[in-house]
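Everything on this sheet refers to the single structure shown next.
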Protein chains: 2
Amino acid sequence: MERLVVIGGDAAGTSAASQARRRRGAGDLEIVVLERGPYTSYSACGIPYWVGGLVDGPDALIARAPEVHRARGLDVRLGTEAEGIDLDKREVAVRDTATGEAARIGFDQLVVATGASPKRPPVPGIDADGVFGVQTLDDGRALIDGLAPHRRRAVVIGGGYIGIEMAEAMKERGLDVVVLDRGAQPMSTLDPDMGVLVHEQMEAMGIDVVAGADVQGVETGPDGWVRAVVTADGTHPADLVVLGTGVRPASELARDAGLPLGDSGGIRTDLRMRVWGRDPRHDGIWAAGDCVEVLNLVSGRFQHAALGTHANKQGRVVGMNIGGEYATFPGIVGTAISKVCDLEIARTGLREKDADAAGFVYETATIESTGRAGYYPGADKMTVKMLAERASGRLLGVQIVGRDGAAKRIDVAAVALTARMTVEDLTALDLGYAPPFSPVWDPILVAARKAAQKVAQ
Amino acid sequence: MERLVVIGGDAAGTSAASQARRRRGAGDLEIVVLERGPYTSYSACGIPYWVGGLVDGPDALIARAPEVHRARGLDVRLGTEAEGIDLDKREVAVRDTATGEAARIGFDQLVVATGASPKRPPVPGIDADGVFGVQTLDDGRALIDGLAPHRRRAVVIGGGYIGIEMAEAMKERGLDVVVLDRGAQPMSTLDPDMGVLVHEQMEAMGIDVVAGADVQGVETGPDGWVRAVVTADGTHPADLVVLGTGVRPASELARDAGLPLGDSGGIRTDLRMRVWGRDPRHDGIWAAGDCVEVLNLVSGRFQHAALGTHANKQGRVVGMNIGGEYATFPGIVGTAISKVCDLEIARTGLREKDADAAGFVYETATIESTGRAGYYPGADKMTVKMLAERASGRLLGVQIVGRDGAAKRIDVAAVALTARMTVEDLTALDLGYAPPFSPVWDPILVAARKAAQKVAQ
């Protein structure tokens with residue numbers, strides 16, 4: 001009987017396994033899922049809400065527990081770390097994380113879904129007690145266990161999505177919070193002129209945001225627990241440190257096996273999520289999730305984009321293909337949304353620096369409107385920035401910062417980017433209008449009108 | 001000097017006038033706006049919220065008062081009813097609604113923006129005191145003036161958008177409310193299997209919805225005020241009656257002038273919103289707003305679609321064209337959103353009966369999901385129904401009923417319909433994901449997956 005081995009039991013791996021199982025019976029395909037940790041199919045994105053006390057963890061963050069997968073015919077092996085892939089023998093070398101016992105498992109098909117690793121700044125003390133990642137449920141548990149009444153000061157290193165979400169979570173726990181960010185403004189996935197709106201909101205919440213911070217080390221006390229974070233410009237006392245510095249593809253296993261990586265460090269795949277290359281040893285080798293690189297449909301470049309939504313889609317594509325169907329993952333447009341307090345933050349497509357790097361010549365248009373009819377209660381300011389290619393008018397990117405209804409409005413732009421619409425096309429879109437949900441001209445349309453005027457000049 | 005005459009001072013007319021004015025100076029183009037009533041540029045869509053006490057009216061519902069338009073160089077003439085258009089002499093016959101005085105105004109270019117009229121069921125008593133339309137701010141004022149402590153029972157005729165919004169408004173005013181609807185379910189802009197969800201919500205709010213109601217007359221008391229609404233199945237006592245029976249194009253003036261109307265009764269135009277036809281007397285005659293018919297880009301048929309958002313877009317297109325630019329209104333996809341209490345209702349594209357009429361063979365897929373990650377506080381049920389053409393998989397329509405975030409999610413489908421995407425295309429869309437705003441698979445994507453499976457079979 002054919003055997004499928006899946007390395008990684010989170011979103012991508014279990015999606016692939018589940019989809020393959022739905023299409024191929026237990027008598028036709030054996031499916032083994034190797035998971036290093038104690039959990040499967042969990043939402044790392046939910047950790048800030050668990051830490052902040054909004055959600056009970058970790059159980060609520062587990063979409064499907066191992067026993068659920070097992071009941072559906074997946075041989076899930078927890079505490080089992082993959083240490084090597086032998087493409088010639090078609091075997092995975094594994095080690096039991098508890099006993100240290102080593103073994104080898106043969107495969108006919110293999111899914112590499114090894115995820116991502118947090119970027120730890122390479123500075124002294126970064127591995128000290130009291131410094132926490134936010135990547136796994138064990139990370140979340142460790143951080144919560146580290147909370148204590150005498151630990152009053154939290155320093156978050158990195159002001160991206162996870163950084164600001166964790167800053168809010170620590171604030172909700174009653175701590176004093178400082179965010180150290182390298183950039184001119186937090187949320188560097190936005191242009192700085194939009195990031196400043198996030199900065200203002202965080203300051204209004206009493207979160208201290210230090211821009212241009214160059215972290216040089218972490219100081220510990222006599223007990224080995226973190227005491228301060230040292231930057232080029234000063235020392236920030238810290239009883240807890242959270243790493244919000246982003247992630248990189250955990251592609252070492254693939255690299256060591258000779259599988260091809262892209263410039264981003266992610267595993268290269270074809271449209272069906274087969275590992276790239278004509279090497280016949282790559283037959284039946286798939287990759288999905290935070291360990292792969294993806295095509296950005298706007299820039300035309302490959303990039304790393306670690307998001308649960310991509311991992312789920314890619315895993316599904318792999319599983320459908322293994323199951324005998326034809327499915328592809330065409331790429332992304334770079335959509336991401338978040339919130340800090342009630343401020344919603346969204347982006348898709350290219351920022352100015354992305355558009356510059358891709359070689360586009362473009363115009364920008366920024367407008368202020370409201371998310372509801374101006375007269376409707378709760379109508380709050382919404383700022384929309386739009387980038388469009390000069391001459392062609394092709395939409396290149398949108399950023400939105402506002403309150404109720406700002407975040408998911410970005411989806412309009414995500415679809416328009418996928419369809420390669422122009423900003424003139426956008427001005428005619430038949431978007432939903434009713435006073436509780438939108439002004440008669442949706443903010444996206446107002447921005448499109450302004451952008452269309454600018455590209456036509 | 002050239003003179004532009006605009007008939008109608010609401011959204012379409014004033015948008016056209018304002019856009020023309022921005023592009024052509026006062027020394028180049030005289031602009032006269034004829035408005036029958038006392039207001040300009042108001043939001044009829046806001047009337048339910050005014051009546052319900054959520055919004056202060058009528059001033060808050062006026063986007064631009066006459067004096068604002070006048071300060072910007074528009075000669076706005078209130079209380080001035082257009083009674084005839086003479087295409088040969090290029091004159092509009094007008095009458096002062098206060099004095100009855102008649103006059104004629106010559107034009108070089110003309111914009112017909114005469115709006116829509118409520119459909120009054122042709123039954124005895126329908127014009128009685130205590131029966132109210134919801135079309136103009138004067139209607140709203142009259143209804144509010146008609147509220148009184150001894151008037152406890154409201155009957156709303158028609159269970160469409162305006163009907164359910166008015167039912168909620170009357171309920172918020174503390175009245176007992178009955179909605180009489182002709183269809184099997186209220187909200188006949190949805191398929192009945194989705195309309196039932198609206199029905200359940202209204203019943204839960206204590207609003208009595210009578211389906212299949214055949215209104216035969218309105219009874220009045222000795223004082224001439226409404227006393228009851230009579231249907232084929234019984235009599236419903238009523239102290240106030242609200243007409244939520246929809247509107248038809250107010251195109252009589254255009255028809256009488258010999259301008260072409262479509263099957264919907266709306267004025268026919270070309271893409272630039274010029275009145276259709278090669279007759280040279282049609283040169284410089286434009287139409288926009290609730291009085292025109294529009295192309296439905298999904299069905300390929302023309303229809304009447306009275307919505308402020310279309311009126312604004314069309315008015316802008318007319319004004320840009322008069323101003324010497326090139327602008328078009330390509331059509332609609334049939335998007336509409338509303339709410340009743342906290343239940344959000346959205347639709348775009350074709351219902352089953354529209355798809356049948358257009359000749360499509362299609363599959364439907366209905367799914368239940370949540371608007372947020374399942375573990376995030378406030379995650380409520382969201383139901384999505386999707387129609388897709390068999391074989392091609394082309395998306396034909398989407399309906400959504402749910403709570404927080406349901407209504408504006410329809411915009412994703414509106415853009416996808418505009419771009420003629422398939423449901424398979426939809427499954428790969430890079431929509432925004434974060435636990436407060438969406439499950440990792442957005443409900444739209446879940447519906448698309450199911451629809452894609454069905455069309456592939």
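FYI, nothing fancy with the structure tokens labels: chains A, B, ... in order, residues from 1 per chain, ligands from 1 as they appear.
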Check which residues of chain B sit at most 6 Å from chain A using only C-alpha atoms, and return one row each with the closest pair of atoms and their distance in Å to one decimal, ordered by chain and rising number, as CSV.
residue,atom,partner,partner_atom,distance
B:Ala60,CA,A:Tyr375,CA,5.8
B:Thr309,CA,A:Val440,CA,5.1
B:Ile332,CA,A:Asp430,CA,5.7
B:Thr335,CA,A:Gly432,CA,5.6
B:Ala336,CA,A:Gly432,CA,5.4
B:Ile337,CA,A:Gly432,CA,5.6
B:Tyr375,CA,A:Ala60,CA,5.8
B:Asp411,CA,A:Leu431,CA,5.3
B:Val412,CA,A:Val412,CA,5.4
B:Asp430,CA,A:Ile332,CA,5.7
B:Leu431,CA,A:Asp411,CA,5.3
B:Gly432,CA,A:Ala336,CA,5.4
B:Val440,CA,A:Thr309,CA,5.1
Same residues, C-alpha atoms, output as a compact mmCIF listing (two decimals), in the first residue's frame:
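Contents of out_17.txt, freshly written:
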# COMPACT_ATOMS: atom_id res chain seq x y z
CA ALA B 60 -28.52 65.44 9.16
CA THR B 309 -25.03 54.71 -4.86
CA ILE B 332 -24.36 47.00 -11.96
CA THR B 335 -25.56 44.48 -4.87
CA ALA B 336 -27.78 45.47 -1.97
CA ILE B 337 -27.29 45.33 1.78
CA TYR B 375 -12.99 30.87 19.36
CA ASP B 411 -18.41 43.27 -1.78
CA VAL B 412 -15.97 40.44 -2.44
CA ASP B 430 -6.20 36.25 -0.76
CA LEU B 431 -8.83 37.65 1.58
CA GLY B 432 -7.94 39.26 4.88
CA VAL B 440 -8.99 31.14 8.54
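By only C-alpha atoms, and with residues fewer than 3 positions from segment 111-121 of chain A along its chain excluded, the set lying at most 7 Å from it is Val5, Val6, Ile7, Gly8, Ala12, Gly13, Gly133, Gln135, Thr245, Gly246, Val247, Arg248, Pro249, Ala250, Ser251, Ile285, Trp286, Ala287, Ala288, Gly289, Asp290 and Cys291 of chain A.
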Would you export the selected residues with C-alpha atoms as a short mmCIF file (atom, residue, chain, number, x, y, z; two decimals), in the first residue's frame, please?
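Okay, this is what ended up in out_39.cif:
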data_model
loop_
_atom_site.label_atom_id
_atom_site.label_comp_id
_atom_site.auth_asym_id
_atom_site.auth_seq_id
_atom_site.Cartn_x
_atom_site.Cartn_y
_atom_site.Cartn_z
CA VAL A 5 4.27 10.94 5.16
CA VAL A 6 3.51 14.48 6.26
CA ILE A 7 6.11 16.41 8.21
CA GLY A 8 4.30 18.94 10.41
CA ALA A 12 -0.75 22.96 6.06
CA GLY A 13 0.19 19.42 7.02
CA GLY A 133 8.35 33.78 21.23
CA GLN A 135 4.96 30.83 17.56
CA THR A 245 10.18 40.18 15.14
CA GLY A 246 8.55 38.04 12.50
CA VAL A 247 9.42 34.64 11.17
CA ARG A 248 11.50 32.95 8.50
CA PRO A 249 10.77 29.68 6.69
CA ALA A 250 11.77 26.61 8.70
CA SER A 251 13.25 25.07 5.58
CA ILE A 285 7.43 15.49 -2.84
CA TRP A 286 5.13 18.35 -1.90
CA ALA A 287 5.51 21.39 0.30
CA ALA A 288 2.99 23.75 1.84
CA GLY A 289 2.54 26.41 4.50
CA ASP A 290 4.96 28.75 6.23
CA CYS A 291 8.00 26.85 4.90
#
Next on the checklist: Which of segment 82-330 of chain A end up as alpha helix (DSSP H) when DSSP is run on this backbone - answer as number ranges by chain?
Outcome noted: A: 137-146, 161-172, 192-204, 252-256, 308-322
